[in-house]
Structure formats: structure tokens, C-alpha cells
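Asker: What follows is entry_15.cif, mmCIF, C-alpha atoms.
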data_coords
loop_
_atom_site.group_PDB
_atom_site.id
_atom_site.type_symbol
_atom_site.label_atom_id
_atom_site.label_comp_id
_atom_site.auth_asym_id
_atom_site.auth_seq_id
_atom_site.Cartn_x
_atom_site.Cartn_y
_atom_site.Cartn_z
ATOM 1 C CA THR H 64 108.571 174.703 -8.648
ATOM 2 C CA ALA H 65 107.294 174.450 -12.206
ATOM 3 C CA PHE H 66 110.144 172.152 -13.201
ATOM 4 C CA VAL H 67 109.521 169.905 -10.221
ATOM 5 C CA PHE H 68 105.810 169.746 -11.064
ATOM 6 C CA ILE H 69 106.498 168.977 -14.720
ATOM 7 C CA GLY H 70 109.058 166.291 -13.762
ATOM 8 C CA SER H 71 106.582 164.657 -11.403
ATOM 9 C CA LEU H 72 103.882 164.792 -14.056
ATOM 10 C CA MET H 73 106.165 163.177 -16.654
ATOM 11 C CA THR H 74 107.168 160.446 -14.216
ATOM 12 C CA LEU H 75 103.520 159.751 -13.460
ATOM 13 C CA ALA H 76 102.680 159.659 -17.158
ATOM 14 C CA PHE H 77 105.485 157.200 -17.945
ATOM 15 C CA GLY H 78 104.405 155.062 -15.009
ATOM 16 C CA VAL H 79 100.821 154.935 -16.295
ATOM 17 C CA LEU H 80 102.067 154.099 -19.825
ATOM 18 C CA ASN H 81 104.233 151.269 -18.504
ATOM 19 C CA LEU H 82 101.266 149.917 -16.573
ATOM 20 C CA ILE H 83 99.087 150.012 -19.689
ATOM 21 C CA VAL H 84 101.768 148.250 -21.765
ATOM 22 C CA ALA H 85 102.139 145.547 -19.093
ATOM 23 C CA VAL H 86 98.382 144.955 -19.042
ATOM 24 C CA ILE H 87 98.283 144.724 -22.850
ATOM 25 C CA VAL H 88 101.194 142.240 -22.939
ATOM 26 C CA ASP H 89 99.622 140.055 -20.248
ATOM 27 C CA THR H 90 96.283 140.090 -22.054
ATOM 28 C CA PHE H 91 97.930 139.166 -25.355
ATOM 29 C CA ALA H 92 99.935 136.334 -23.740
ATOM 30 C CA GLU H 93 96.792 134.927 -22.115
ATOM 31 C CA SER H 94 94.866 135.202 -25.380
ATOM 32 C CA ARG H 95 97.684 133.489 -27.265
ATOM 33 C CA SER H 96 97.787 130.666 -24.730
ATOM 34 C CA LYS H 97 94.057 130.131 -25.084
ATOM 35 C CA ASP H 98 94.372 130.309 -28.869
ATOM 36 C CA VAL H 99 97.024 127.559 -28.883
ATOM 37 C CA GLU H 100 94.854 125.333 -26.732
ATOM 38 C CA SER H 101 91.859 126.049 -28.941
ATOM 39 C CA ARG H 102 93.815 125.272 -32.097
ATOM 40 C CA ALA H 103 95.135 122.050 -30.554
ATOM 41 C CA GLU H 104 91.590 120.963 -29.714
ATOM 42 C CA GLU H 105 90.398 121.819 -33.214
ATOM 43 C CA MET H 106 93.285 119.864 -34.752
ATOM 44 C CA GLU H 107 92.461 116.871 -32.542
ATOM 45 C CA ILE H 108 88.821 116.926 -33.612
ATOM 46 C CA HIS H 109 89.835 117.352 -37.255
ATOM 47 C CA GLU H 110 92.237 114.390 -37.018
ATOM 48 C CA GLN H 111 89.600 112.121 -35.489
ATOM 49 C CA GLU H 112 87.070 113.059 -38.186
ATOM 50 C CA GLU H 113 89.470 112.476 -41.083
ATOM 51 C CA LYS H 114 90.781 109.203 -39.654
ATOM 52 C CA SER H 115 87.210 108.008 -39.259
ATOM 53 C CA ILE H 116 86.641 108.769 -42.957
ATOM 54 C CA LEU H 117 89.864 106.942 -43.861
ATOM 55 C CA ASN H 118 88.763 103.875 -41.917
ATOM 56 C CA LYS H 119 85.537 103.789 -43.934
ATOM 57 C CA ILE H 120 87.520 104.208 -47.161
ATOM 58 C CA PHE H 121 89.769 101.319 -46.143
ATOM 59 C CA LEU H 122 86.782 99.026 -45.662
ATOM 60 C CA LYS H 123 85.462 99.941 -49.113
ATOM 61 C CA ILE H 124 88.832 99.292 -50.779
ATOM 62 C CA ASP H 125 89.279 95.945 -48.988
ATOM 63 C CA GLU H 126 87.239 93.930 -51.478
ATOM 64 C CA ASP H 127 87.839 90.490 -49.972
ATOM 65 C CA GLY H 128 87.352 91.683 -46.376
ATOM 66 C CA SER H 129 90.697 90.218 -45.292
ATOM 67 C CA GLY H 130 91.582 93.238 -43.176
ATOM 68 C CA ALA H 131 94.635 94.036 -45.312
ATOM 69 C CA LEU H 132 95.087 95.719 -48.678
ATOM 70 C CA THR H 133 97.102 94.341 -51.568
ATOM 71 C CA PHE H 134 98.443 96.549 -54.347
ATOM 72 C CA ASP H 135 95.768 95.244 -56.719
ATOM 73 C CA GLU H 136 93.038 96.254 -54.266
ATOM 74 C CA LEU H 137 94.597 99.699 -53.826
ATOM 75 C CA GLN H 138 94.798 100.153 -57.596
ATOM 76 C CA SER H 139 91.227 98.973 -58.068
ATOM 77 C CA GLY H 140 89.981 101.116 -55.186
ATOM 78 C CA ALA H 141 91.464 104.254 -56.760
ATOM 79 C CA LYS H 142 88.996 103.815 -59.640
ATOM 80 C CA ARG H 143 86.110 102.217 -57.792
ATOM 81 C CA VAL H 144 85.865 104.158 -54.499
ATOM 82 C CA THR H 145 84.935 107.804 -55.085
ATOM 83 C CA GLU H 146 86.139 109.065 -51.693
ATOM 84 C CA PHE H 147 89.538 107.446 -52.147
ATOM 85 C CA GLY H 148 89.873 108.946 -55.618
ATOM 86 C CA GLN H 149 89.153 112.380 -54.139
ATOM 87 C CA TRP H 150 91.853 111.935 -51.501
ATOM 88 C CA LEU H 151 94.351 110.948 -54.175
ATOM 89 C CA ARG H 152 93.417 113.976 -56.246
ATOM 90 C CA VAL H 153 93.923 116.315 -53.283
ATOM 91 C CA MET H 154 97.388 114.790 -52.741
ATOM 92 C CA ASP H 155 98.155 115.064 -56.481
ATOM 93 C CA ILE H 156 98.600 111.304 -56.912
ATOM 94 C CA ASP H 157 97.691 109.656 -60.214
ATOM 95 C CA ASP H 158 97.700 106.031 -61.411
ATOM 96 C CA ALA H 159 101.426 106.125 -62.202
ATOM 97 C CA ASP H 160 102.191 106.991 -58.561
ATOM 98 C CA LEU H 161 100.113 104.240 -56.949
ATOM 99 C CA ARG H 162 102.965 101.703 -56.745
ATOM 100 C CA GLN H 163 105.172 104.197 -54.923
ATOM 101 C CA LEU H 164 102.254 105.216 -52.696
ATOM 102 C CA PHE H 165 101.685 101.558 -51.775
ATOM 103 C CA GLU H 166 105.359 101.122 -50.850
ATOM 104 C CA ILE H 167 105.252 104.251 -48.670
ATOM 105 C CA VAL H 168 102.044 103.210 -46.899
ATOM 106 C CA ASP H 169 103.314 99.639 -46.456
ATOM 107 C CA GLY H 170 105.721 100.710 -43.738
ATOM 108 C CA ASP H 171 106.847 97.216 -42.711
ATOM 109 C CA GLY H 172 107.339 96.018 -46.299
ATOM 110 C CA SER H 173 105.052 93.019 -45.800
ATOM 111 C CA GLY H 174 103.375 93.417 -49.179
ATOM 112 C CA GLU H 175 100.042 94.157 -47.496
ATOM 113 C CA VAL H 176 98.728 97.334 -45.881
ATOM 114 C CA GLU H 177 97.100 97.068 -42.474
ATOM 115 C CA PRO H 178 94.257 99.453 -41.497
ATOM 116 C CA GLN H 179 96.423 101.460 -39.078
ATOM 117 C CA GLU H 180 99.202 101.795 -41.646
ATOM 118 C CA PHE H 181 96.733 103.065 -44.240
ATOM 119 C CA VAL H 182 94.982 105.537 -41.954
ATOM 120 C CA ASP H 183 98.122 107.006 -40.377
ATOM 121 C CA ALA H 184 100.097 107.314 -43.606
ATOM 122 C CA MET H 185 97.255 108.806 -45.660
ATOM 123 C CA PHE H 186 96.363 111.321 -42.943
ATOM 124 C CA ARG H 187 99.992 112.338 -42.489
ATOM 125 C CA MET H 188 100.585 112.761 -46.218
ATOM 126 C CA LYS H 189 97.489 114.910 -46.666
ATOM 127 C CA ASN H 190 97.903 117.162 -43.639
ATOM 128 C CA THR H 191 101.611 117.745 -43.194
ATOM 129 C CA GLU H 192 103.170 120.826 -44.773
ATOM 130 C CA ALA H 193 105.519 118.800 -46.948
ATOM 131 C CA LYS H 194 104.172 118.138 -50.419
ATOM 132 C CA THR H 195 103.456 114.649 -51.700
ATOM 133 C CA ALA H 196 106.193 114.975 -54.323
ATOM 134 C CA THR H 197 108.742 115.598 -51.574
ATOM 135 C CA LYS H 198 107.666 112.432 -49.779
ATOM 136 C CA PHE H 199 107.911 110.459 -53.003
ATOM 137 C CA VAL H 200 111.427 111.746 -53.672
ATOM 138 C CA LYS H 201 112.478 110.963 -50.100
ATOM 139 C CA HIS H 202 111.065 107.446 -50.407
ATOM 140 C CA LEU H 203 112.823 106.915 -53.748
ATOM 141 C CA VAL H 204 116.163 108.135 -52.385
ATOM 142 C CA THR H 205 115.812 105.898 -49.323
ATOM 143 C CA ARG H 206 115.013 102.882 -51.497
ATOM 144 C CA LEU H 207 117.966 103.562 -53.794
ATOM 145 C CA ASP H 208 120.236 103.922 -50.780
ATOM 146 C CA ASN H 209 119.062 100.580 -49.381
ATOM 147 C CA GLU H 210 119.510 98.903 -52.759
ATOM 148 C CA SER H 211 123.039 100.303 -53.116
ATOM 149 C CA LYS H 212 123.900 98.986 -49.645
ATOM 150 C CA ASP H 213 122.561 95.556 -50.594
ATOM 151 C CA MET H 214 124.574 95.604 -53.826
ATOM 152 C CA HIS H 215 127.695 96.604 -51.922
ATOM 153 C CA ALA H 216 127.190 93.758 -49.455
ATOM 154 C CA ASP H 217 126.644 91.244 -52.286
ATOM 155 C CA LEU H 218 129.728 92.504 -54.138
ATOM 156 C CA THR H 219 131.828 92.229 -50.981
ATOM 157 C CA LEU H 220 130.712 88.625 -50.446
ATOM 158 C CA THR H 221 131.367 87.763 -54.111
ATOM 159 C CA LEU H 222 134.875 89.232 -54.009
ATOM 160 C CA ALA H 223 135.626 87.457 -50.742
ATOM 161 C CA GLY H 224 134.508 84.134 -52.245
ATOM 162 C CA LEU H 225 136.570 84.763 -55.391
ATOM 163 C CA LYS H 226 139.633 85.554 -53.308
ATOM 164 C CA GLU H 227 139.195 82.361 -51.280
ATOM 165 C CA ARG H 228 138.828 80.203 -54.399
ATOM 166 C CA THR H 229 141.865 81.839 -55.978
ATOM 167 C CA GLU H 230 143.991 81.163 -52.907
ATOM 168 C CA LYS H 231 142.890 77.521 -52.849
ATOM 169 C CA ALA H 232 143.694 77.142 -56.556
ATOM 170 C CA LEU H 233 147.162 78.608 -55.993
ATOM 171 C CA GLN H 234 147.746 76.239 -53.083
ATOM 172 C CA MET H 235 146.764 73.278 -55.270
ATOM 173 C CA LEU H 236 149.100 74.418 -58.044
ATOM 174 C CA GLU H 237 152.046 74.987 -55.708
ATOM 175 C CA PRO H 238 153.168 71.290 -55.501
ATOM 176 C CA GLN H 239 152.948 71.028 -59.270
ATOM 177 C CA ASN H 240 155.029 74.164 -59.683
ATOM 178 C CA ARG H 241 157.656 72.660 -57.409
ATOM 179 C CA ALA H 242 157.638 69.408 -59.373
ATOM 180 C CA VAL H 243 158.351 71.138 -62.698
ATOM 181 C CA PRO H 244 161.834 72.451 -61.734
ATOM 182 C CA ASP H 245 162.701 69.047 -60.228
ATOM 183 C CA ALA H 246 161.720 67.324 -63.462
ATOM 184 C CA LEU H 247 163.747 69.797 -65.483
ATOM 185 C CA THR H 248 166.733 69.245 -63.231
ATOM 186 C CA CYS H 249 166.506 65.472 -63.646
ATOM 187 C CA THR H 250 166.219 65.799 -67.408
ATOM 188 C CA SER H 251 169.195 68.094 -67.548
ATOM 189 C CA THR H 252 171.260 65.687 -65.412
ATOM 190 C CA PHE H 253 170.210 62.747 -67.555
ATOM 191 C CA ARG H 254 171.247 64.580 -70.696
ATOM 192 C CA ARG H 255 174.626 65.480 -69.247
ATOM 193 C CA SER H 256 175.262 61.909 -68.136
ATOM 194 C CA GLY H 257 174.302 60.630 -71.569
ATOM 195 C CA SER H 258 176.682 63.056 -73.161
ATOM 196 C CA LEU H 259 179.516 61.871 -70.932
ATOM 197 C CA GLU H 260 178.824 58.227 -71.811
ATOM 198 C CA GLN H 261 179.061 59.062 -75.491
ATOM 199 C CA ARG H 262 182.422 60.730 -74.941
ATOM 200 C CA PHE H 263 183.900 57.734 -73.109
ATOM 201 C CA GLN H 264 182.703 55.407 -75.891
#
Please rewrite the model in this file as C-alpha cells.
Answerer:
Amino acid sequence: TAFVFIGSLMTLAFGVLNLIVAVIVDTFAESRSKDVESRAEEMEIHEQEEKSILNKIFLKIDEDGSGALTFDELQSGAKRVTEFGQWLRVMDIDDADLRQLFEIVDGDGSGEVEPQEFVDAMFRMKNTEAKTATKFVKHLVTRLDNESKDMHADLTLTLAGLKERTEKALQMLEPQNRAVPDALTCTSTFRRSGSLEQRFQ
């Protein structure tokens, strides 16, 4: 009887423990779900605030009010606009890096930076986990790859043109090459005939 009682008690205890564990897991999962939603909302608010600041910075950098930034304006703004200088410092970007920064921000390669390009690129560079140096290296590698492809294409076209001109030159020389043996043959025949005439005389 004692063993049966102890077995029943142990079973009940394990059942209660399992119930407690299940409640704890459910509570943790619910809390985690709420935490993710809360963090997402906080990130959304943070993004809106920083992009609003970036829009104001853009307007200050855009000296001529054209609605687009040139490299000269970006370079000038780094010294003239305090808020922009602070952003650059946080991203560890100095004057020597401004040209590369401009090329990265100028996504379409138009030579001018639109407001949306500026805001999105600057926010992404500041808030993503990847460091600014990594982005610079990636941009440099991509540019070198594009330049090597362009050089390869130019070299292919140059070689193709050289081959075509060479073939045309050979075709033009072919009749002349045929004429040389004919002329030599005629000369040789003439010499032989002249020799025979001398013998008969």
C-alpha cells in the first residue's frame, strides 16, 4: 500500500511540475511576442525621428535650394552644417572619405543626390550592424569589378576591330602576292628565250 501511495504521489508531483513548466513557457512566449512587437514599434518611431532630422540636414546642405546635392555642396556641408558633421563623425567618415560617400549615396550615378537617396542611405549606413568601412570596401570592390568589365568589353571590341582590319589588309595584298610569282615566271621565261636566241646566233 505504501508503494502504491508513494507512486501516486510521485505521479501527481510530476504532473504538477509539468503543468508549471507549461505555464512558464507559455508566459515567456507571450512576453517575447509582445517584446518583439514593442521593439518593432520603437524601431519604427526611431526611424521616423532620424529620417526627419536627415531631411532637415539635407535642406541645410542644399545651398542653392535646387532639391539635389552636388559633391561640392556635400563637401561644403560637412564643414558648414554642424548636425551633418556630427553624423559623419558617428559613422567615422572624414574629408578623405567624402567622395566615396557621395558615390555610395548617389545610387543612380546621376552626379546629384536626391533627398530620398540621401535620407535612406545615411540612415541605413548609421543604423545597420555593418561598419562604414565595410560598406566602403564593398563599394570599392563593386566599382573595380564594373571598371574591369568595361575594360574587358573595350579590349574585346578593339581586338575584333584589329582582326577585321588585318583580314581586309590580307585580302588586299592577296592579288599582289599572286602577281609576283607570275612576274617572276615571265622574267624567267624571257631570260631563257634570250639565252636560246644567243645560242642560235
Asker: In Å, rounded to a single decimal, give me how far CA of Arg162 in chain H is from CA of His215 in chain H.
Answerer: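 One can read the CA of His215 in chain H to CA of Arg162 in chain H distance as 25.7 Å.
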Asker: Residues at most 10 Å from Phe165 in chain H, counting all atoms listed in the file, excluding those fewer than 4 positions away in the same chain, as a ChimeraX atom specification?
Answerer: /H:132-135,137-138,160-161,169-170,172,174-176,181
Asker: Rounded to one decimal place, report the CA of Glu104 in chain H-CA of Trp150 in chain H distance in Å.
Answerer: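 That distance, rounded to one decimal, is 23.6 Å.
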Asker: Using CA of Gln149 in chain H and CA of Ile124 in chain H as the two end points, give the distance in Å to one decimal.
Answerer: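 According to the coordinates, CA of Gln149 in chain H and CA of Ile124 in chain H are separated by 13.5 Å.
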Asker: Output as JSON the centre and edge lengths (Å, one decimal) of the box along x, y and z of the file that holds every listed atom of range 158-170 of chain H after adding 6 Å on each side.
Answerer:
{"center_x": 101.7, "center_y": 103.3, "center_z": -53.0, "size_x": 20.0, "size_y": 19.4, "size_z": 30.5}
Asker: Using the chain letters and numbers from the file, give me the residues hit by the PyMOL selection byres ((chain H and resi 110) around 12), as a PyMOL selection string.
Answerer: chain H and resi 103-109+111-117+182-183+185-187+189-191
Asker: Pick out the closest residue to Ala184 in chain H from this set: H:Thr74, H:Ser101, H:Thr145, H:Asn118. Count all atoms listed in the file.
Answerer: H:Asn118
Asker: Do you know which residues are at most 10 Å from Glu146 in chain H counting all atoms listed in the file, after dropping those on the same chain fewer than 2 positions away, and could you put them as a PyMOL selection string?
Answerer: chain H and resi 116-117+119-120+123+140-144+148-152
